[in-house]
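J.: Please see the structure below; I have some questions.
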Amino acid sequence: MEDPVEVDVLVVGAGPTGLTAAGEAVRHGLTVRIVDRKPQRATFSKALVVHARTLEVFEAMGVAEAVLAEGRPFAALNVHAGRGRRATRIDLLGLPWGDTAYPFWLSIPQYATEGVLEGRLDRLGVAVDWGVALDRLDDRRSHVESRLEHADGTIELVRSRWVIGCDGGRSRTREQAGLRLERTAAGVTFLLADVTTTALPAQDEGHVFLGPDGLLVIVPMPEPGRWRVIAQEPRADAHPPHSIDTAHVDEVVRSRAGLDLRCHDLLWGSRFELSHGVVDRYRRGRVFLAGDAAHVHSPVGGQGLNTGVQDAHNLLWQLALARRVPARGREELLDSYEEERRPVAAAMVAGTGRATRLLTMRNRAFRRLLGVLAPLVITHPAIRTKFGRTVGMLEVGYRSGRSLGGGRRMPNPELRGGGRLYERLDPVRPTWVVRHSPGETPPAPQAAGWRGLPLLELPEEDLPDESLSRVTLVRPDRYVALRGETAEEAWALMAHLPFAR
């Protein structure tokens with residue numbers, strides 16, 4: 001018997017990952033407490049892109065429309081290989097996005113995403129406890145006792161069933177759990193600046209400059225006239241860092257792009273050295289890590305915030321289910337979080353690291369060669385397509401877990417009867433999806449073999465293609481748990497899964 005606890009889940013950190021974790025906890029019927037050492041939510045833009053798969057997560061949470069209202073889709077990305085050369089334009093909206101309802105990159109500052117998530121959490125009756133820091137953790141096997149320190153010095157002990165550390169790259173939760181994240185320095189420093197300018201005509205198109213002096217990226221923000229400038233900095237030993245102001249940003253852009261940006265109203269500026277790494281374990285006992293607490297990496301591709309949100313989405317339905325399965329099945333279920341999400345982070349860190357090394361190589365001869373080859377490479381259909389579904393994280397899949405049969409993302413086609421498939425699935429429980437042919441008797445939802453789980457039966461003529469197997473079990477995170485061509489085949493697999501009524 002478990003010891004009594006004050007709350008099911010303690011979430012440490014109220015960034016996008018932590019707010020998603022807390023919101024998902026409530027949605028799945030768990031009690032939650034969320035704390036953050038900062039005195040209030042930051043107003044800096046930080047991460048700037050929300051991808052298609054993350055928008056699907058937000059749809060499940062009921063916040064997609066609010067997030068879309070705060071952002072603006074990128075229409076295109078223009079790659080400039082050198083002065084005097086015509087830019088290579090990637091039409092992001094015209095890519096073969098497939099079955100998603102969100103075929104675009106969404107430009108939205110992190111503070112706006114956090115504002116939507118926190119507002120949703122407030123409406124669910126949970127407020128972020130700002131100015132409250134995690135001091136110590138004690139995992140007592142039946143629960144976790146956390147020592148919290150308030151801004152006024154007050155000490156509080158909280159007993160929770162689980163703790164989720166979403167407290168960033170210098171995670172106190174990770175440290176207290178005895179987990180390690182070894183960083184590898186990338187040897188590259190970037191300048192970030194959010195500025196206002198009217199020098200760029202297309203307000204929804206980004207620009208990448210591959211000049212000999214280093215990488216320069218200029219991307220639109222949702223507010224009219226606001227832009228994010230990202231510039232590779234010279235080596236600090238060769239050129240001491242310049243103060244970040246509009247004059248310096250103008251000079252960097254002019255020297256690398258030949259563009260008179262005439263920026264003003266520096267809204268935010270930052271300089272950071274790139275490093276990357278993945279934590280050795282995502283779980284220790286009743287303590288889990290998610291987001292930047294579990295993985296740090298290059299910002300190329302805008303994958304960080306999105307990966308963290310998807311970490312939390314993957315974990316919380318499993319924590320909710322864990323309370324209803326036997327002890328052995330529970331451990332297999334919770335171990336699958338690391339088995340599924342750590343390879344995703346490792347691949348993301350490796351991929352963004354390779355891209356960053358390629359784009360920031362300092363050798364001038366190599367950079368000239370890059371300027372020649374880049375337009376040829378990105379115009380290849382196979383490469384261009386990756387800017388859609390791959391960067392949008394719609395192709396993320398899981399190797400088959402020990403107990404969950406984790407696999408590919410469930411397709412979300414438009415149905416001939418109206419709407420999309422995801423809209424017909426149970427919001428918090430695994431759902432059987434069964435296709436039947438004309439004249440075939442639909443399955444009986446009350447049949448014992450379905451284990452009391454929701455059953456969605458769809459006539460074949462109601463589907464636009466043959467993308468689904470005859471029988472498919474869909475997890476709450478919209479990934480396929482198992483599939484088969486007959487009910488008997490699926491039922492045989494069902495015995496190996498920990499789902500219960």
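Letters A, B, ... mark the chains of the structure tokens in the order given; residue numbers begin at 1 per chain; ligand numbers begin at 1, in order shown.
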Which residues are close to A:Ala355, i.e. within 9 Å by only C-alpha atoms, leaving aside same-chain residues fewer than 4 positions away? Reply as a PyMOL selection string.

T.: chain A and resi 298+300+350-351+359-360

J.: Stretch 315-320 of chain A: which residues within 9 Å, counting only C-alpha atoms, same-chain residues fewer than 4 positions away excluded, as a list in words?

T.: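 The residues that qualify are Ala21, Ala22, Glu24, Ala25, His28, Gly29, Leu30, Trp162, Phe288, Ala290, Gln310, Asp311, Arg324, Arg330, Leu333, Leu334, Ser336, Tyr337, Val428, Arg429, Arg475, Pro476 and Asp477 of chain A.
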
J.: Output N, CA and C atoms for every residue in the selection just made, as an mmCIF file, in the first residue's frame.

T.:
data_model
loop_
_atom_site.group_PDB
_atom_site.id
_atom_site.type_symbol
_atom_site.label_atom_id
_atom_site.label_comp_id
_atom_site.auth_asym_id
_atom_site.auth_seq_id
_atom_site.Cartn_x
_atom_site.Cartn_y
_atom_site.Cartn_z
ATOM 1 N N ALA A 21 3.439 19.541 -18.903
ATOM 2 C CA ALA A 21 3.343 18.423 -17.963
ATOM 3 C C ALA A 21 2.231 18.648 -16.948
ATOM 4 N N ALA A 22 2.150 19.851 -16.402
ATOM 5 C CA ALA A 22 1.118 20.138 -15.404
ATOM 6 C C ALA A 22 -0.273 20.085 -16.027
ATOM 7 N N GLU A 24 -1.212 18.425 -18.713
ATOM 8 C CA GLU A 24 -1.525 17.046 -19.055
ATOM 9 C C GLU A 24 -1.858 16.225 -17.816
ATOM 10 N N ALA A 25 -1.206 16.522 -16.697
ATOM 11 C CA ALA A 25 -1.529 15.821 -15.455
ATOM 12 C C ALA A 25 -2.997 16.035 -15.087
ATOM 13 N N HIS A 28 -5.444 14.275 -17.404
ATOM 14 C CA HIS A 28 -5.507 12.827 -17.206
ATOM 15 C C HIS A 28 -5.951 12.439 -15.792
ATOM 16 N N GLY A 29 -6.464 13.416 -15.054
ATOM 17 C CA GLY A 29 -7.062 13.089 -13.765
ATOM 18 C C GLY A 29 -6.117 13.023 -12.591
ATOM 19 N N LEU A 30 -4.915 13.574 -12.710
ATOM 20 C CA LEU A 30 -3.954 13.585 -11.615
ATOM 21 C C LEU A 30 -3.960 14.945 -10.925
ATOM 22 N N TRP A 162 5.109 11.355 -7.769
ATOM 23 C CA TRP A 162 6.195 11.467 -8.731
ATOM 24 C C TRP A 162 6.675 12.908 -8.793
ATOM 25 N N PHE A 288 11.515 11.849 -12.813
ATOM 26 C CA PHE A 288 11.652 11.853 -14.265
ATOM 27 C C PHE A 288 12.202 13.212 -14.709
ATOM 28 N N ALA A 290 12.488 15.904 -18.203
ATOM 29 C CA ALA A 290 11.895 16.221 -19.502
ATOM 30 C C ALA A 290 12.435 17.560 -19.978
ATOM 31 N N GLN A 310 6.768 17.439 -26.285
ATOM 32 C CA GLN A 310 6.413 16.072 -26.634
ATOM 33 C C GLN A 310 6.901 15.065 -25.596
ATOM 34 N N ASP A 311 8.016 15.369 -24.902
ATOM 35 C CA ASP A 311 8.424 14.555 -23.751
ATOM 36 C C ASP A 311 7.290 14.483 -22.736
ATOM 37 N N ARG A 324 -3.247 2.281 -12.525
ATOM 38 C CA ARG A 324 -4.299 1.299 -12.721
ATOM 39 C C ARG A 324 -3.783 -0.047 -13.205
ATOM 40 N N ARG A 330 3.482 -1.832 -14.305
ATOM 41 C CA ARG A 330 3.721 -0.412 -14.057
ATOM 42 C C ARG A 330 5.175 -0.049 -14.334
ATOM 43 N N LEU A 333 5.835 -0.083 -18.013
ATOM 44 C CA LEU A 333 5.186 1.075 -18.619
ATOM 45 C C LEU A 333 6.027 2.324 -18.423
ATOM 46 N N LEU A 334 6.477 2.581 -17.189
ATOM 47 C CA LEU A 334 7.217 3.801 -16.899
ATOM 48 C C LEU A 334 8.625 3.767 -17.478
ATOM 49 N N SER A 336 9.276 2.607 -20.296
ATOM 50 C CA SER A 336 9.148 2.858 -21.729
ATOM 51 C C SER A 336 9.275 4.340 -22.065
ATOM 52 N N TYR A 337 9.080 5.228 -21.083
ATOM 53 C CA TYR A 337 9.264 6.657 -21.334
ATOM 54 C C TYR A 337 10.693 6.921 -21.797
ATOM 55 N N VAL A 428 -8.351 10.782 -23.632
ATOM 56 C CA VAL A 428 -7.385 10.392 -22.601
ATOM 57 C C VAL A 428 -7.175 8.887 -22.482
ATOM 58 N N ARG A 429 -7.883 8.094 -23.241
ATOM 59 C CA ARG A 429 -7.743 6.644 -23.131
ATOM 60 C C ARG A 429 -7.298 6.046 -24.465
ATOM 61 N N ARG A 475 -2.754 4.852 -28.895
ATOM 62 C CA ARG A 475 -2.469 5.329 -27.543
ATOM 63 C C ARG A 475 -3.027 6.745 -27.346
ATOM 64 N N PRO A 476 -3.122 7.220 -26.101
ATOM 65 C CA PRO A 476 -3.608 8.588 -25.881
ATOM 66 C C PRO A 476 -2.738 9.672 -26.514
ATOM 67 N N ASP A 477 -1.445 9.367 -26.762
ATOM 68 C CA ASP A 477 -0.590 10.359 -27.407
ATOM 69 C C ASP A 477 -0.627 10.246 -28.929
#

J.: Using only C-alpha atoms, pick whichever of A:Ala133, A:Leu124, A:Ala75, A:Leu463 has the shortest atom-to-atom distance to A:Arg27.

T.: A:Leu124

J.: Determine which residues of stretch 36-122 of chain A receive a DSSP assignment of strand (DSSP E or B), computed from the backbone, and state them as a list in words.

T.: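 Going through stretch 36-122 of chain A, the strand (DSSP E or B) residues come out as Asp36, Val49, Val50, Arg72, Pro73, Ala76, Leu77, Asn78, Val79, His80, Thr88, Arg89, Ile90, Asp91, Leu106 and Ser107 of chain A.
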
J.: In Å, rounded to a single decimal, give me how far atom CA of A:Gln176 is from atom CA of A:Tyr282.

T.: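 Between atom CA of A:Tyr282 and atom CA of A:Gln176 the gap works out to 13.3 Å.
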
J.: For a quick check of understanding, using only C-alpha atoms, which of A:Ala151, A:Leu200, A:Val474, A:Leu289 has the smallest distance to A:Gly168?

T.: A:Leu289

J.: Can you tell me how far atom CA of A:Val349 sits from atom CA of A:Arg409, in Å to one decimal?

T.: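 Atom CA of A:Val349 sits 20.8 Å away from atom CA of A:Arg409.
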
J.: What parts of stretch 239-423 of chain A does DSSP call helix (DSSP H, G or I)? I'd like the answer as a short mmCIF file (atom, residue, chain, number, x, y, z; two decimals) with N, CA and C atoms, in the first residue's frame.

T.:
data_model
loop_
_atom_site.label_atom_id
_atom_site.label_comp_id
_atom_site.auth_asym_id
_atom_site.auth_seq_id
_atom_site.Cartn_x
_atom_site.Cartn_y
_atom_site.Cartn_z
N THR A 246 21.61 48.13 -31.34
CA THR A 246 21.12 48.18 -32.72
C THR A 246 22.23 48.49 -33.71
N ALA A 247 23.18 49.31 -33.32
CA ALA A 247 24.28 49.66 -34.23
C ALA A 247 25.10 48.42 -34.55
N HIS A 248 25.36 47.59 -33.54
CA HIS A 248 26.15 46.38 -33.77
C HIS A 248 25.38 45.39 -34.64
N VAL A 249 24.08 45.24 -34.39
CA VAL A 249 23.27 44.33 -35.20
C VAL A 249 23.25 44.80 -36.65
N ASP A 250 23.09 46.11 -36.87
CA ASP A 250 23.10 46.66 -38.22
C ASP A 250 24.42 46.36 -38.93
N GLU A 251 25.52 46.51 -38.21
CA GLU A 251 26.84 46.30 -38.81
C GLU A 251 27.04 44.82 -39.18
N VAL A 252 26.61 43.92 -38.32
CA VAL A 252 26.74 42.48 -38.60
C VAL A 252 25.94 42.13 -39.86
N VAL A 253 24.71 42.60 -39.93
CA VAL A 253 23.86 42.29 -41.07
C VAL A 253 24.41 42.92 -42.35
N ARG A 254 24.89 44.13 -42.25
CA ARG A 254 25.43 44.83 -43.43
C ARG A 254 26.67 44.10 -43.96
N SER A 255 27.55 43.67 -43.05
CA SER A 255 28.81 43.05 -43.49
C SER A 255 28.59 41.66 -44.07
N ARG A 256 27.56 40.96 -43.63
CA ARG A 256 27.37 39.57 -44.07
C ARG A 256 26.32 39.42 -45.16
N ALA A 257 25.35 40.32 -45.16
CA ALA A 257 24.25 40.18 -46.13
C ALA A 257 24.20 41.33 -47.13
N GLY A 291 12.40 17.77 -21.29
CA GLY A 291 12.83 19.04 -21.85
C GLY A 291 14.33 19.26 -21.70
N ASP A 292 14.72 20.53 -21.50
CA ASP A 292 16.14 20.87 -21.43
C ASP A 292 16.84 20.25 -20.24
N ALA A 293 16.12 19.80 -19.25
CA ALA A 293 16.75 19.07 -18.14
C ALA A 293 17.30 17.74 -18.63
N GLY A 304 14.06 22.30 -29.88
CA GLY A 304 14.15 22.15 -28.42
C GLY A 304 12.83 22.23 -27.69
N LEU A 305 12.13 23.35 -27.81
CA LEU A 305 10.83 23.51 -27.14
C LEU A 305 9.89 22.39 -27.56
N ASN A 306 9.90 22.06 -28.84
CA ASN A 306 8.99 21.05 -29.36
C ASN A 306 9.28 19.68 -28.78
N THR A 307 10.56 19.33 -28.66
CA THR A 307 10.92 18.04 -28.09
C THR A 307 10.51 17.97 -26.63
N GLY A 308 10.68 19.06 -25.88
CA GLY A 308 10.30 19.07 -24.48
C GLY A 308 8.80 18.90 -24.28
N VAL A 309 8.01 19.61 -25.08
CA VAL A 309 6.55 19.48 -24.99
C VAL A 309 6.13 18.04 -25.28
N GLN A 310 6.77 17.44 -26.28
CA GLN A 310 6.41 16.07 -26.63
C GLN A 310 6.90 15.07 -25.60
N ASP A 311 8.02 15.37 -24.90
CA ASP A 311 8.42 14.55 -23.75
C ASP A 311 7.29 14.48 -22.74
N ALA A 312 6.80 15.65 -22.35
CA ALA A 312 5.76 15.72 -21.31
C ALA A 312 4.48 15.03 -21.76
N HIS A 313 4.12 15.21 -23.01
CA HIS A 313 2.91 14.58 -23.55
C HIS A 313 3.02 13.06 -23.51
N ASN A 314 4.20 12.54 -23.81
CA ASN A 314 4.44 11.11 -23.78
C ASN A 314 4.37 10.57 -22.34
N LEU A 315 4.94 11.30 -21.40
CA LEU A 315 5.06 10.80 -20.03
C LEU A 315 3.76 10.80 -19.25
N LEU A 316 2.96 11.86 -19.36
CA LEU A 316 1.86 12.04 -18.42
C LEU A 316 0.75 11.02 -18.59
N TRP A 317 0.43 10.61 -19.81
CA TRP A 317 -0.62 9.62 -19.94
C TRP A 317 -0.17 8.29 -19.35
N GLN A 318 1.16 8.05 -19.40
CA GLN A 318 1.68 6.83 -18.82
C GLN A 318 1.65 6.87 -17.29
N LEU A 319 1.96 8.02 -16.71
CA LEU A 319 1.85 8.15 -15.25
C LEU A 319 0.41 7.94 -14.79
N ALA A 320 -0.54 8.49 -15.54
CA ALA A 320 -1.95 8.32 -15.17
C ALA A 320 -2.35 6.85 -15.27
N LEU A 321 -1.90 6.18 -16.31
CA LEU A 321 -2.24 4.77 -16.51
C LEU A 321 -1.55 3.89 -15.48
N ALA A 322 -0.36 4.30 -15.04
CA ALA A 322 0.43 3.48 -14.12
C ALA A 322 -0.30 3.18 -12.82
N ALA A 327 1.94 -3.95 -10.40
CA ALA A 327 3.28 -3.40 -10.16
C ALA A 327 4.26 -3.74 -11.28
N ARG A 328 4.27 -4.99 -11.75
CA ARG A 328 5.22 -5.37 -12.79
C ARG A 328 4.94 -4.61 -14.08
N GLY A 329 3.70 -4.57 -14.48
CA GLY A 329 3.34 -3.83 -15.68
C GLY A 329 3.62 -2.35 -15.53
N ARG A 330 3.48 -1.83 -14.31
CA ARG A 330 3.72 -0.41 -14.06
C ARG A 330 5.18 -0.05 -14.33
N GLU A 331 6.09 -0.85 -13.86
CA GLU A 331 7.50 -0.55 -14.07
C GLU A 331 7.86 -0.63 -15.56
N GLU A 332 7.33 -1.62 -16.27
CA GLU A 332 7.59 -1.71 -17.70
C GLU A 332 7.02 -0.49 -18.43
N LEU A 333 5.83 -0.08 -18.01
CA LEU A 333 5.19 1.07 -18.62
C LEU A 333 6.03 2.32 -18.42
N LEU A 334 6.48 2.58 -17.19
CA LEU A 334 7.22 3.80 -16.90
C LEU A 334 8.63 3.77 -17.48
N ASP A 335 9.23 2.59 -17.57
CA ASP A 335 10.54 2.49 -18.21
C ASP A 335 10.45 2.82 -19.70
N SER A 336 9.28 2.61 -20.30
CA SER A 336 9.15 2.86 -21.73
C SER A 336 9.28 4.34 -22.06
N TYR A 337 9.08 5.23 -21.08
CA TYR A 337 9.26 6.66 -21.33
C TYR A 337 10.69 6.92 -21.80
N GLU A 338 11.67 6.42 -21.06
CA GLU A 338 13.06 6.60 -21.47
C GLU A 338 13.36 5.84 -22.75
N GLU A 339 12.85 4.62 -22.86
CA GLU A 339 13.11 3.80 -24.05
C GLU A 339 12.62 4.49 -25.32
N GLU A 340 11.55 5.25 -25.22
CA GLU A 340 11.00 5.92 -26.38
C GLU A 340 11.59 7.30 -26.60
N ARG A 341 11.66 8.09 -25.56
CA ARG A 341 12.01 9.49 -25.74
C ARG A 341 13.52 9.75 -25.79
N ARG A 342 14.33 8.96 -25.10
CA ARG A 342 15.77 9.24 -25.14
C ARG A 342 16.35 9.06 -26.53
N PRO A 343 16.00 8.00 -27.28
CA PRO A 343 16.52 7.91 -28.66
C PRO A 343 16.09 9.08 -29.54
N VAL A 344 14.89 9.60 -29.31
CA VAL A 344 14.43 10.76 -30.07
C VAL A 344 15.34 11.96 -29.78
N ALA A 345 15.64 12.19 -28.50
CA ALA A 345 16.51 13.31 -28.14
C ALA A 345 17.92 13.10 -28.65
N ALA A 346 18.44 11.87 -28.54
CA ALA A 346 19.80 11.60 -29.01
C ALA A 346 19.92 11.85 -30.51
N ALA A 347 18.91 11.42 -31.27
CA ALA A 347 18.93 11.66 -32.72
C ALA A 347 18.82 13.14 -33.03
N MET A 348 17.97 13.84 -32.28
CA MET A 348 17.80 15.27 -32.49
C MET A 348 19.10 16.03 -32.17
N VAL A 349 19.73 15.70 -31.06
CA VAL A 349 20.98 16.36 -30.67
C VAL A 349 22.07 16.09 -31.71
N ALA A 350 22.17 14.83 -32.15
CA ALA A 350 23.19 14.50 -33.16
C ALA A 350 22.91 15.22 -34.47
N GLY A 351 21.65 15.24 -34.90
CA GLY A 351 21.30 15.87 -36.17
C GLY A 351 21.51 17.37 -36.17
N THR A 352 21.06 18.04 -35.12
CA THR A 352 21.25 19.49 -35.06
C THR A 352 22.73 19.83 -34.88
N GLY A 353 23.47 18.94 -34.19
CA GLY A 353 24.90 19.16 -34.05
C GLY A 353 25.63 19.09 -35.38
N ARG A 354 25.29 18.08 -36.20
CA ARG A 354 25.91 17.97 -37.53
C ARG A 354 25.58 19.17 -38.39
N ALA A 355 24.31 19.58 -38.38
CA ALA A 355 23.91 20.73 -39.19
C ALA A 355 24.63 22.00 -38.74
N THR A 356 24.76 22.16 -37.43
CA THR A 356 25.43 23.35 -36.90
C THR A 356 26.91 23.37 -37.29
N ARG A 357 27.58 22.22 -37.17
CA ARG A 357 29.00 22.16 -37.56
C ARG A 357 29.17 22.51 -39.03
N LEU A 358 28.27 22.00 -39.86
CA LEU A 358 28.35 22.27 -41.29
C LEU A 358 28.14 23.75 -41.59
N LEU A 359 27.15 24.34 -40.95
CA LEU A 359 26.78 25.72 -41.26
C LEU A 359 27.72 26.75 -40.64
N THR A 360 28.49 26.33 -39.62
CA THR A 360 29.34 27.30 -38.91
C THR A 360 30.83 27.04 -39.11
N ARG A 364 37.31 29.57 -44.75
CA ARG A 364 36.68 30.41 -45.77
C ARG A 364 36.52 29.68 -47.10
N ALA A 365 37.48 28.81 -47.43
CA ALA A 365 37.36 28.05 -48.67
C ALA A 365 36.16 27.11 -48.59
N PHE A 366 36.00 26.48 -47.41
CA PHE A 366 34.85 25.59 -47.23
C PHE A 366 33.55 26.39 -47.32
N ARG A 367 33.52 27.58 -46.75
CA ARG A 367 32.30 28.37 -46.76
C ARG A 367 31.94 28.79 -48.19
N ARG A 368 32.95 29.08 -49.01
CA ARG A 368 32.66 29.39 -50.41
C ARG A 368 32.08 28.17 -51.12
N LEU A 369 32.64 26.98 -50.81
CA LEU A 369 32.13 25.75 -51.40
C LEU A 369 30.70 25.49 -50.91
N LEU A 370 30.44 25.77 -49.64
CA LEU A 370 29.09 25.61 -49.08
C LEU A 370 28.11 26.50 -49.83
N GLY A 371 28.54 27.72 -50.15
CA GLY A 371 27.68 28.64 -50.88
C GLY A 371 27.33 28.13 -52.27
N VAL A 372 28.22 27.34 -52.86
CA VAL A 372 27.96 26.78 -54.19
C VAL A 372 27.05 25.57 -54.10
N LEU A 373 27.32 24.69 -53.12
CA LEU A 373 26.61 23.42 -53.04
C LEU A 373 25.23 23.53 -52.39
N ALA A 374 25.08 24.42 -51.42
CA ALA A 374 23.82 24.49 -50.67
C ALA A 374 22.60 24.67 -51.56
N PRO A 375 22.61 25.60 -52.53
CA PRO A 375 21.41 25.74 -53.37
C PRO A 375 21.10 24.48 -54.17
N LEU A 376 22.14 23.75 -54.57
CA LEU A 376 21.92 22.52 -55.33
C LEU A 376 21.31 21.43 -54.45
N VAL A 377 21.78 21.35 -53.22
CA VAL A 377 21.32 20.30 -52.31
C VAL A 377 19.87 20.55 -51.89
N ILE A 378 19.56 21.76 -51.48
CA ILE A 378 18.22 22.00 -50.93
C ILE A 378 17.13 22.04 -51.99
N PRO A 381 14.35 17.28 -54.41
CA PRO A 381 13.03 17.02 -53.79
C PRO A 381 13.10 16.27 -52.46
N ALA A 382 14.00 15.29 -52.36
CA ALA A 382 14.09 14.52 -51.12
C ALA A 382 14.55 15.38 -49.95
N ILE A 383 15.45 16.31 -50.22
CA ILE A 383 15.93 17.21 -49.16
C ILE A 383 14.89 18.26 -48.84
N ARG A 384 14.31 18.83 -49.86
CA ARG A 384 13.29 19.87 -49.64
C ARG A 384 12.12 19.33 -48.82
N THR A 385 11.73 18.11 -49.08
CA THR A 385 10.62 17.51 -48.34
C THR A 385 10.88 17.45 -46.85
N LYS A 386 12.15 17.28 -46.46
CA LYS A 386 12.49 17.16 -45.04
C LYS A 386 12.18 18.43 -44.25
N PHE A 387 12.10 19.57 -44.95
CA PHE A 387 11.74 20.81 -44.26
C PHE A 387 10.29 20.78 -43.78
N GLY A 388 9.50 19.86 -44.29
CA GLY A 388 8.10 19.74 -43.88
C GLY A 388 7.92 18.71 -42.80
N ARG A 389 7.62 17.47 -43.17
CA ARG A 389 7.26 16.45 -42.20
C ARG A 389 8.39 16.09 -41.24
N THR A 390 9.64 16.09 -41.72
CA THR A 390 10.75 15.71 -40.84
C THR A 390 11.03 16.78 -39.82
N LEU A 421 -9.53 12.22 -38.16
CA LEU A 421 -9.58 11.03 -37.33
C LEU A 421 -9.33 11.34 -35.86
N TYR A 422 -8.34 12.18 -35.54
CA TYR A 422 -8.02 12.47 -34.14
C TYR A 422 -9.23 12.99 -33.37
N GLU A 423 -10.09 13.72 -34.06
CA GLU A 423 -11.26 14.29 -33.39
C GLU A 423 -12.23 13.21 -32.92
#

J.: List the neighbours of stretch 263-278 of chain A out to 9 Å using only C-alpha atoms; skip same-chain residues closer than 5 positions along the sequence, and give me the result as a PyMOL selection string.

T.: chain A and resi 44-45+180-199+233+244-247+249-250+293-299+342+345-346+349-350+353

J.: What's around A:Ala112 at 9 Å? Count only C-alpha atoms, leave out sequence neighbours fewer than 5 positions away in its own chain, and write the answer as a PDB file with C-alpha atoms, in the first residue's frame.

T.:
ATOM      1  CA  THR A  43       9.090  38.137 -21.171  1.00  0.00           C
ATOM      2  CA  SER A  45      11.138  35.519 -26.765  1.00  0.00           C
ATOM      3  CA  VAL A  67      -1.510  29.268 -29.802  1.00  0.00           C
ATOM      4  CA  GLU A  70      -0.597  34.316 -31.055  1.00  0.00           C
ATOM      5  CA  GLY A  71       1.621  33.208 -33.947  1.00  0.00           C
ATOM      6  CA  LEU A 117      -0.319  27.206 -21.469  1.00  0.00           C
TER       7      LEU A 117
END

J.: Could the residues of stretch 315-395 of chain A that have an atom at most 8 Å from stretch 46-64 of chain A be listed as CSV, each with its closest atom pair and the distance in Å to one decimal, counting only C-alpha atoms and ordered by chain and ascending residue number?

T.:
residue,atom,partner,partner_atom,distance
A:Val391,CA,A:His51,CA,7.6
A:Gly392,CA,A:His51,CA,4.9
A:Met393,CA,A:Arg53,CA,5.6
A:Leu394,CA,A:Arg53,CA,5.5

J.: Pick from A:Glu460, A:Asp122, A:Glu395, A:Glu205: nearest to A:Asp91, with only C-alpha atoms counted?

T.: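 Among A:Glu460, A:Asp122, A:Glu395, A:Glu205, it is A:Glu205 that comes nearest to A:Asp91.
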
J.: Please compute the atom CA of A:Trp130-atom CA of A:His150 distance, one decimal, in Å.

T.: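 Atom-to-atom, atom CA of A:Trp130 to atom CA of A:His150, that is 8.6 Å.
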